[in-house]
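S.K.: Structure supplied as coords-v2.txt; contents: compact mmCIF, C-alpha atoms.
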```txt
# COMPACT_ATOMS: atom_id res chain seq x y z
CA ASP A 1461 -18.40 -8.30 -18.00
CA GLY A 1462 -21.21 -9.60 -15.84
CA LEU A 1463 -19.26 -9.34 -12.58
CA LYS A 1464 -19.19 -6.62 -9.94
CA LEU A 1465 -17.66 -5.74 -6.60
CA GLY A 1466 -20.54 -6.78 -4.37
CA CYS A 1467 -19.22 -5.35 -1.12
CA ILE A 1468 -16.09 -4.33 0.78
CA THR A 1469 -15.67 -5.61 4.34
CA LYS A 1470 -14.39 -3.75 7.42
CA ARG A 1471 -10.76 -2.87 7.01
CA GLU A 1472 -7.91 -4.32 9.05
CA ASP A 1473 -4.94 -2.03 9.78
CA PRO A 1474 -3.73 -1.03 6.27
CA ALA A 1475 -0.20 -0.05 7.35
CA ASP A 1476 3.07 -1.75 6.47
CA ALA A 1477 4.93 -3.48 9.29
CA LEU A 1478 8.57 -4.13 10.15
CA VAL A 1479 9.49 -7.69 11.14
CA VAL A 1480 13.04 -8.14 12.46
CA ASN A 1481 15.59 -10.89 12.87
CA LYS A 1482 16.14 -11.61 16.58
CA LYS A 1483 19.58 -9.96 16.56
CA ASN A 1484 17.97 -6.66 15.52
CA GLU A 1485 15.28 -6.45 18.20
CA LEU A 1486 16.79 -3.25 19.65
CA TYR A 1487 16.37 -1.37 16.35
CA ASN A 1488 13.46 0.11 14.46
CA LEU A 1489 13.44 1.23 10.82
CA GLU A 1490 14.87 4.65 11.66
CA THR A 1491 17.79 3.27 13.70
CA LEU A 1492 18.90 0.21 11.68
CA PRO A 1493 22.69 0.21 11.17
CA GLU A 1494 24.04 1.26 7.78
CA GLY A 1495 24.06 -1.61 5.29
CA SER A 1496 21.33 -3.60 7.07
CA ILE A 1497 19.56 -5.98 4.65
CA VAL A 1498 15.88 -5.15 4.28
CA GLY A 1499 13.71 -7.69 2.44
CA THR A 1500 10.78 -6.54 0.30
CA SER A 1501 9.34 -7.55 -3.08
CA SER A 1502 7.16 -4.43 -3.36
CA LEU A 1503 8.31 -1.61 -5.63
CA ARG A 1504 6.05 0.76 -3.67
CA ARG A 1505 7.79 -0.05 -0.37
CA LEU A 1506 11.21 -0.17 -2.01
CA ALA A 1507 10.91 3.29 -3.60
CA GLN A 1508 9.69 4.97 -0.40
CA LEU A 1509 12.27 3.30 1.84
CA ARG A 1510 15.11 4.08 -0.57
CA HIS A 1511 13.95 7.69 -0.51
CA LYS A 1512 14.08 7.84 3.30
CA PHE A 1513 16.93 5.43 4.04
CA PRO A 1514 19.47 5.36 1.19
CA HIS A 1515 22.06 3.87 3.59
CA LEU A 1516 20.15 0.57 3.89
CA ASN A 1517 20.60 -2.42 1.60
CA PHE A 1518 17.38 -3.63 -0.05
CA LYS A 1519 17.05 -7.22 -1.20
CA ASP A 1520 14.20 -8.95 -3.03
CA ILE A 1521 12.26 -11.59 -1.08
CA ARG A 1522 9.65 -14.01 -2.44
CA GLY A 1523 7.18 -16.54 -1.07
CA ASN A 1524 4.16 -16.45 1.20
CA VAL A 1525 4.24 -14.85 4.66
CA ILE A 1526 5.47 -18.00 6.43
CA THR A 1527 8.22 -18.59 3.85
CA ARG A 1528 9.41 -14.99 4.14
CA ILE A 1529 9.53 -15.14 7.94
CA GLU A 1530 11.53 -18.39 7.73
CA LYS A 1531 14.01 -16.72 5.34
CA LEU A 1532 14.33 -13.82 7.80
CA ASP A 1533 14.89 -16.08 10.81
CA SER A 1534 17.47 -18.18 8.97
CA GLY A 1535 19.68 -15.08 8.72
CA GLY A 1536 19.26 -14.06 5.10
CA TYR A 1537 17.85 -10.66 6.08
CA ASP A 1538 18.09 -8.25 8.99
CA CYS A 1539 14.42 -7.35 8.64
CA ILE A 1540 11.52 -7.63 6.19
CA ILE A 1541 8.51 -5.43 5.40
CA LEU A 1542 5.05 -7.01 5.24
CA ALA A 1543 1.43 -5.84 5.45
CA ALA A 1544 0.27 -5.60 9.06
CA ALA A 1545 -3.14 -6.93 7.99
CA GLY A 1546 -1.68 -10.17 6.62
CA LEU A 1547 0.41 -10.76 9.74
CA LYS A 1548 -2.59 -10.22 12.01
CA ARG A 1549 -4.95 -12.39 9.99
CA LEU A 1550 -2.44 -15.27 9.86
CA GLY A 1551 -1.72 -15.19 13.58
CA PHE A 1552 1.71 -13.53 13.39
CA GLU A 1553 0.80 -10.28 15.13
CA SER A 1554 3.47 -10.95 17.76
CA ARG A 1555 6.11 -10.65 15.01
CA ILE A 1556 5.15 -7.04 14.25
CA HIS A 1557 8.13 -5.10 15.59
CA GLN A 1558 7.02 -1.69 14.31
CA ILE A 1559 4.00 -0.29 12.48
CA ILE A 1560 5.63 1.88 9.83
CA PRO A 1561 4.35 5.49 9.98
CA ASN A 1562 2.61 7.04 6.96
CA GLY A 1563 5.36 9.65 6.87
CA ILE A 1564 7.77 6.86 5.88
CA SER A 1565 5.64 4.50 3.79
CA LEU A 1566 2.14 4.99 2.40
CA HIS A 1567 0.31 1.69 2.02
CA ALA A 1568 -1.03 0.02 -1.12
CA VAL A 1569 -4.44 0.84 -2.55
CA GLY A 1570 -7.07 -1.23 -0.72
CA GLN A 1571 -4.52 -2.80 1.64
CA GLY A 1572 -6.21 -4.44 4.63
CA ALA A 1573 -9.68 -4.47 3.01
CA LEU A 1574 -11.35 -7.49 1.41
CA GLY A 1575 -13.67 -7.14 -1.55
CA ILE A 1576 -16.26 -9.77 -2.47
CA GLU A 1577 -16.91 -10.20 -6.18
CA CYS A 1578 -20.18 -11.61 -7.50
CA LYS A 1579 -22.39 -11.74 -10.59
CA SER A 1580 -23.78 -8.29 -11.23
CA ASP A 1581 -27.32 -9.62 -11.88
CA ASP A 1582 -27.50 -12.03 -8.90
CA LYS A 1583 -29.77 -9.97 -6.67
CA LYS A 1584 -30.10 -12.72 -4.06
CA VAL A 1585 -26.34 -13.00 -3.48
CA ILE A 1586 -25.92 -9.21 -3.50
CA GLU A 1587 -28.63 -8.93 -0.83
CA ILE A 1588 -26.99 -11.66 1.31
CA ILE A 1589 -23.47 -10.20 1.23
CA ASN A 1590 -24.71 -6.64 1.73
CA VAL A 1591 -24.66 -7.25 5.50
CA LEU A 1592 -20.85 -7.46 5.27
CA GLU A 1593 -20.51 -4.04 3.67
CA ASP A 1594 -18.58 -1.49 5.76
CA THR A 1595 -19.43 1.90 4.29
CA PRO A 1596 -16.47 3.93 5.64
CA THR A 1597 -14.04 1.27 4.36
CA SER A 1598 -15.86 1.10 1.03
CA GLN A 1599 -15.78 4.85 0.44
CA ARG A 1600 -12.08 5.08 1.33
CA CYS A 1601 -11.21 2.17 -0.96
CA LEU A 1602 -13.27 3.56 -3.84
CA ALA A 1603 -11.34 6.83 -3.56
CA GLU A 1604 -8.01 4.96 -3.46
CA ARG A 1605 -8.94 2.77 -6.43
CA ALA A 1606 -10.06 5.79 -8.49
CA PHE A 1607 -6.69 7.43 -7.78
CA LEU A 1608 -4.82 4.34 -8.97
CA ARG A 1609 -7.05 3.89 -12.02
CA GLU A 1610 -6.61 7.53 -13.08
CA LEU A 1611 -2.82 7.06 -12.94
CA GLU A 1612 -3.19 3.80 -14.92
CA GLY A 1613 -1.13 2.07 -12.24
CA GLY A 1614 -1.08 -1.52 -11.04
CA CYS A 1615 0.13 -3.49 -8.06
CA GLN A 1616 3.76 -3.43 -9.26
CA VAL A 1617 4.07 0.35 -9.58
CA PRO A 1618 5.43 2.65 -6.82
CA ILE A 1619 2.07 4.23 -5.93
CA GLY A 1620 1.01 4.56 -2.29
CA VAL A 1621 -1.98 5.99 -0.44
CA ASN A 1622 -3.46 6.77 2.94
CA SER A 1623 -7.04 7.78 3.65
CA PHE A 1624 -9.30 8.66 6.54
CA ILE A 1625 -12.76 10.14 7.08
CA LYS A 1626 -13.51 13.19 9.22
CA ASN A 1627 -16.64 15.36 9.36
CA GLU A 1628 -18.20 13.69 6.30
CA LYS A 1629 -15.04 14.37 4.26
CA ILE A 1630 -12.58 11.91 2.74
CA TYR A 1631 -8.93 12.86 3.20
CA LEU A 1632 -6.80 11.05 0.64
CA THR A 1633 -3.01 11.28 0.48
CA GLY A 1634 -1.20 9.80 -2.51
CA MET A 1635 2.38 9.21 -3.58
CA VAL A 1636 4.22 8.33 -6.79
CA ALA A 1637 7.96 7.61 -6.73
CA SER A 1638 10.74 6.53 -9.02
CA ILE A 1639 12.06 3.03 -8.30
CA ASP A 1640 15.43 4.39 -7.17
CA GLY A 1641 13.62 6.56 -4.61
CA GLU A 1642 15.32 9.75 -5.80
CA ARG A 1643 12.08 11.35 -6.98
CA LEU A 1644 8.97 11.21 -4.82
CA ILE A 1645 5.81 13.26 -5.31
CA LYS A 1646 3.16 13.38 -2.58
CA ASP A 1647 -0.03 15.42 -2.17
CA GLN A 1648 -3.51 15.32 -0.61
CA SER A 1649 -7.08 15.70 -1.82
CA ILE A 1650 -10.12 16.36 0.38
CA GLY A 1651 -13.67 15.81 -0.82
CA ASN A 1652 -17.23 14.72 -0.24
CA PHE A 1653 -17.74 11.39 1.55
CA ASN A 1654 -20.49 10.52 -0.95
CA ASP A 1655 -18.31 11.12 -4.01
CA PRO A 1656 -15.15 9.12 -3.28
CA GLU A 1657 -14.14 8.56 -6.90
CA GLU A 1658 -13.98 12.30 -7.54
CA VAL A 1659 -11.59 12.65 -4.58
CA GLY A 1660 -9.31 10.02 -6.12
CA LYS A 1661 -9.42 11.56 -9.58
CA LYS A 1662 -8.61 15.04 -8.25
CA LEU A 1663 -5.59 13.72 -6.38
CA ALA A 1664 -4.31 11.92 -9.47
CA GLU A 1665 -4.59 15.13 -11.49
CA LYS A 1666 -2.70 17.03 -8.78
CA LEU A 1667 0.19 14.58 -8.93
CA LYS A 1668 0.23 14.52 -12.73
CA LEU A 1669 0.68 18.30 -12.73
CA GLN A 1670 3.74 17.77 -10.51
CA GLY A 1671 5.32 15.22 -12.85
CA ALA A 1672 3.92 11.89 -11.64
CA ASP A 1673 2.91 10.86 -15.16
CA LYS A 1674 6.50 11.34 -16.35
CA ILE A 1675 7.83 9.09 -13.56
CA LEU A 1676 5.23 6.41 -14.35
CA SER A 1677 5.90 6.58 -18.10
CA GLU A 1678 9.60 5.93 -17.44
CA ILE A 1679 8.73 2.92 -15.26
CA PHE A 1680 6.29 1.47 -17.81
CA GLU A 1681 8.92 1.88 -20.54
CA GLN A 1682 11.52 0.17 -18.38
CA PHE A 1683 9.25 -2.87 -17.90
CA ARG A 1684 8.42 -3.00 -21.61
CA GLU A 1685 12.12 -3.24 -22.41
CA LYS A 1686 12.46 -6.24 -20.09
```
Before we go any further, please render this structure as structure tokens.

M.R.:
Amino acid sequence: DGLKLGCITKREDPADALVVNKKNELYNLETLPEGSIVGTSSLRRLAQLRHKFPHLNFKDIRGNVITRIEKLDSGGYDCIILAAAGLKRLGFESRIHQIIPNGISLHAVGQGALGIECKSDDKKVIEIINVLEDTPTSQRCLAERAFLRELEGGCQVPIGVNSFIKNEKIYLTGMVASIDGERLIKDQSIGNFNDPEEVGKKLAEKLKLQGADKILSEIFEQFREK
């Protein structure tokens, strides 16, 4: 209470990116040899990649971006998946081997966008940071966040999104998957640019009708047992 999201800044590329060990420079995600070790700590990425590439071997990887790249280069992994935005902002853009298409992996809610939090009654600060507000980014992120909130998901749940704006409409695609990647539900919602949260809510309801809530309930129960 007493805090608010003061503004959302212009979005960097929200896509996921493939970073490869030197010996795998001739491959992309679609052509990696069977059994290749792919490093990711994200259940969202893991579920989608398992769905598309069940022949690959997925292995957990921890640490910051630099630590993960060092683990990759030392030979522990054939490739790793990271956010393109993080790689670009930290000066590792040259390590991006492939931007992963939305058809393979939808990105995380808000990925690539930075929100600035402030006191909700501090009018002076709100006025100062307002210059950093990027309205198209903000509307897309508000739609994405409403979708996630309606599904009662968090950052460790296999929920992915993609959004864009065209002709004053927000186009929001969303995905919910089981951790093993065997079940994956995807759909799209299109709505008014000025009512982004309604677009997100409608998409969540669409996916629930297709069984997304059942998948998420199973995941939540699994984590409770741990």

S.K.: Rank nothing, just name the residue among A:Asn1622, A:Thr1491, A:Gln1682, A:Gln1670 nearest to His1515 in chain A, using all atoms listed in the file.

M.R.: A:Thr1491

S.K.: One decimal, Å: what's the distance from CA of Ser1623 in chain A over to CA of Phe1518 in chain A, could you say?

M.R.: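 Computing it gives 27.2 Å between the two atoms.
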
S.K.: Please return as a PyMOL selection string every residue within 10 Å of (11.7, 13.7, -9.6), taking into account all atoms listed in the file and the file's own coordinates.

M.R.: chain A and resi 1636-1638+1641-1645+1670-1672+1674-1675

S.K.: What's the separation between CA of Asp1673 in chain A and CA of Thr1633 in chain A, in Å to one decimal place?

M.R.: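 The value is 16.7 Å.
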
S.K.: Using only C-alpha atoms, which residue out of A:Ala1606, A:Ile1559, A:Leu1574, A:Ile1630 lies closest to Asn1654 in chain A?

M.R.: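 Closest to Asn1654 in chain A, using only C-alpha atoms: A:Ile1630.
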
S.K.: Would you mind telling me which residue in A:Gln1558, A:Leu1547, A:Ile1625, A:Ser1502 lies nearest to Glu1490 in chain A when using all atoms listed in the file?

M.R.: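 For Glu1490 in chain A, the nearest of the candidates is A:Gln1558.
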
S.K.: Pull the neighbourhood of (5.8, 5.6, 9.7) for me: all residues within 12 Å in file coordinates, counting only C-alpha atoms, as a JSON list (two decimals) with C-alpha atoms, in the frame of the given file.

M.R.:
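Heads up, here's the output in result.json:
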```
[["chain", "number", "residue", "atom", "x", "y", "z"],
["A", 1475, "ALA", "CA", -0.20, -0.05, 7.35],
["A", 1476, "ASP", "CA", 3.07, -1.75, 6.47],
["A", 1477, "ALA", "CA", 4.93, -3.48, 9.29],
["A", 1478, "LEU", "CA", 8.57, -4.13, 10.15],
["A", 1488, "ASN", "CA", 13.46, 0.11, 14.46],
["A", 1489, "LEU", "CA", 13.44, 1.23, 10.82],
["A", 1490, "GLU", "CA", 14.87, 4.65, 11.66],
["A", 1505, "ARG", "CA", 7.79, -0.05, -0.37],
["A", 1508, "GLN", "CA", 9.69, 4.97, -0.40],
["A", 1509, "LEU", "CA", 12.27, 3.30, 1.84],
["A", 1512, "LYS", "CA", 14.08, 7.84, 3.30],
["A", 1558, "GLN", "CA", 7.02, -1.69, 14.31],
["A", 1559, "ILE", "CA", 4.00, -0.29, 12.48],
["A", 1560, "ILE", "CA", 5.63, 1.88, 9.83],
["A", 1561, "PRO", "CA", 4.35, 5.49, 9.98],
["A", 1562, "ASN", "CA", 2.61, 7.04, 6.96],
["A", 1563, "GLY", "CA", 5.36, 9.65, 6.87],
["A", 1564, "ILE", "CA", 7.77, 6.86, 5.88],
["A", 1565, "SER", "CA", 5.64, 4.50, 3.79],
["A", 1566, "LEU", "CA", 2.14, 4.99, 2.40],
["A", 1567, "HIS", "CA", 0.31, 1.69, 2.02],
["A", 1622, "ASN", "CA", -3.46, 6.77, 2.94]]
```

S.K.: Tell me which of A:Pro1474, A:His1511, A:Leu1608, A:Asn1517 sits closest to Pro1493 in chain A, counting all atoms listed in the file.

M.R.: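 Ranking A:Pro1474, A:His1511, A:Leu1608, A:Asn1517 by distance to Pro1493 in chain A, first place goes to A:Asn1517.
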
S.K.: Ranking A:Pro1656, A:Gly1620, A:Gly1462, A:Gly1634 by minimum distance to Glu1577 in chain A and counting only C-alpha atoms, which one comes first?

M.R.: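 For Glu1577 in chain A, the nearest of the candidates is A:Gly1462.
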
S.K.: List the spatial neighbours of range 1586-1593 of chain A as a PyMOL selection string - criterion: any atom at most 12 Å away, all atoms listed in the file, same-chain residues fewer than 5 positions off excluded.

M.R.: chain A and resi 1463-1471+1573-1581+1598-1599

S.K.: With distances taken over all atoms listed in the file, which of A:Lys1662, A:Glu1472, A:Glu1612, A:Phe1653 is nearest to Leu1676 in chain A?

M.R.: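 Smallest distance to Leu1676 in chain A is found for A:Glu1612.
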
S.K.: Could you work out how far CA of Ile1650 in chain A lies from CA of Leu1632 in chain A, giving the answer in Å with one decimal?

M.R.: 6.3 Å

S.K.: If you take every atom of range 1595-1605 of chain A that the file lists and fit an axis-aligned box around them with 4 Å extra on each side, what centre and edge lengths come out in Å to one decimal, as JSON?

M.R.:
```
{"center_x": -13.7, "center_y": 4.0, "center_z": -0.4, "size_x": 19.4, "size_y": 13.7, "size_z": 20.1}
```

S.K.: Give me range 1592-1621 of chain A with N, CA and C atoms filled in, as a short mmCIF file (atom, residue, chain, number, x, y, z; two decimals), in the frame of the given file.

M.R.:
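Ended up saving to out-v1.cif:
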```
data_model
loop_
_atom_site.label_atom_id
_atom_site.label_comp_id
_atom_site.auth_asym_id
_atom_site.auth_seq_id
_atom_site.Cartn_x
_atom_site.Cartn_y
_atom_site.Cartn_z
N LEU A 1592 -22.29 -7.55 4.99
CA LEU A 1592 -20.85 -7.46 5.27
C LEU A 1592 -20.24 -6.13 4.85
N GLU A 1593 -21.01 -5.32 4.15
CA GLU A 1593 -20.51 -4.04 3.67
C GLU A 1593 -20.18 -3.09 4.82
N ASP A 1594 -18.97 -2.52 4.79
CA ASP A 1594 -18.58 -1.49 5.76
C ASP A 1594 -18.43 -0.19 4.98
N THR A 1595 -19.38 0.70 5.14
CA THR A 1595 -19.43 1.90 4.29
C THR A 1595 -18.19 2.78 4.39
N PRO A 1596 -17.68 3.10 5.59
CA PRO A 1596 -16.47 3.93 5.64
C PRO A 1596 -15.30 3.29 4.89
N THR A 1597 -15.10 1.98 5.08
CA THR A 1597 -14.04 1.27 4.36
C THR A 1597 -14.27 1.35 2.86
N SER A 1598 -15.51 1.10 2.45
CA SER A 1598 -15.86 1.10 1.03
C SER A 1598 -15.57 2.44 0.38
N GLN A 1599 -15.97 3.52 1.03
CA GLN A 1599 -15.78 4.85 0.44
C GLN A 1599 -14.29 5.19 0.36
N ARG A 1600 -13.53 4.83 1.37
CA ARG A 1600 -12.08 5.08 1.33
C ARG A 1600 -11.43 4.29 0.19
N CYS A 1601 -11.81 3.01 0.07
CA CYS A 1601 -11.21 2.17 -0.96
C CYS A 1601 -11.60 2.61 -2.36
N LEU A 1602 -12.84 3.08 -2.53
CA LEU A 1602 -13.27 3.56 -3.84
C LEU A 1602 -12.47 4.79 -4.24
N ALA A 1603 -12.16 5.66 -3.28
CA ALA A 1603 -11.34 6.83 -3.56
C ALA A 1603 -9.92 6.40 -3.95
N GLU A 1604 -9.36 5.45 -3.19
CA GLU A 1604 -8.01 4.96 -3.46
C GLU A 1604 -7.93 4.30 -4.83
N ARG A 1605 -8.93 3.49 -5.15
CA ARG A 1605 -8.94 2.77 -6.43
C ARG A 1605 -9.09 3.74 -7.61
N ALA A 1606 -9.90 4.78 -7.42
CA ALA A 1606 -10.06 5.79 -8.49
C ALA A 1606 -8.74 6.51 -8.74
N PHE A 1607 -8.01 6.79 -7.68
CA PHE A 1607 -6.69 7.43 -7.78
C PHE A 1607 -5.74 6.56 -8.60
N LEU A 1608 -5.70 5.28 -8.26
CA LEU A 1608 -4.82 4.34 -8.97
C LEU A 1608 -5.23 4.20 -10.44
N ARG A 1609 -6.53 4.07 -10.66
CA ARG A 1609 -7.05 3.89 -12.02
C ARG A 1609 -6.73 5.10 -12.90
N GLU A 1610 -6.86 6.30 -12.33
CA GLU A 1610 -6.61 7.53 -13.08
C GLU A 1610 -5.13 7.64 -13.47
N LEU A 1611 -4.26 7.06 -12.64
CA LEU A 1611 -2.82 7.06 -12.94
C LEU A 1611 -2.42 5.87 -13.82
N GLU A 1612 -3.41 5.00 -14.10
CA GLU A 1612 -3.19 3.80 -14.92
C GLU A 1612 -2.11 2.92 -14.29
N GLY A 1613 -2.12 2.87 -12.96
CA GLY A 1613 -1.13 2.07 -12.24
C GLY A 1613 -1.64 0.68 -11.93
N GLY A 1614 -0.73 -0.17 -11.46
CA GLY A 1614 -1.08 -1.52 -11.04
C GLY A 1614 -0.37 -1.85 -9.75
N CYS A 1615 -0.42 -3.11 -9.36
CA CYS A 1615 0.13 -3.49 -8.06
C CYS A 1615 1.66 -3.46 -8.05
N GLN A 1616 2.30 -3.43 -9.22
CA GLN A 1616 3.76 -3.43 -9.26
C GLN A 1616 4.34 -2.07 -9.64
N VAL A 1617 3.61 -1.02 -9.31
CA VAL A 1617 4.07 0.35 -9.58
C VAL A 1617 4.20 1.09 -8.25
N PRO A 1618 5.24 1.94 -8.09
CA PRO A 1618 5.43 2.65 -6.82
C PRO A 1618 4.39 3.74 -6.59
N ILE A 1619 3.17 3.32 -6.26
CA ILE A 1619 2.07 4.23 -5.93
C ILE A 1619 1.56 3.86 -4.55
N GLY A 1620 1.48 4.82 -3.65
CA GLY A 1620 1.01 4.56 -2.29
C GLY A 1620 -0.08 5.53 -1.89
N VAL A 1621 -0.87 5.14 -0.90
CA VAL A 1621 -1.98 5.99 -0.44
C VAL A 1621 -2.16 5.90 1.08
#
```
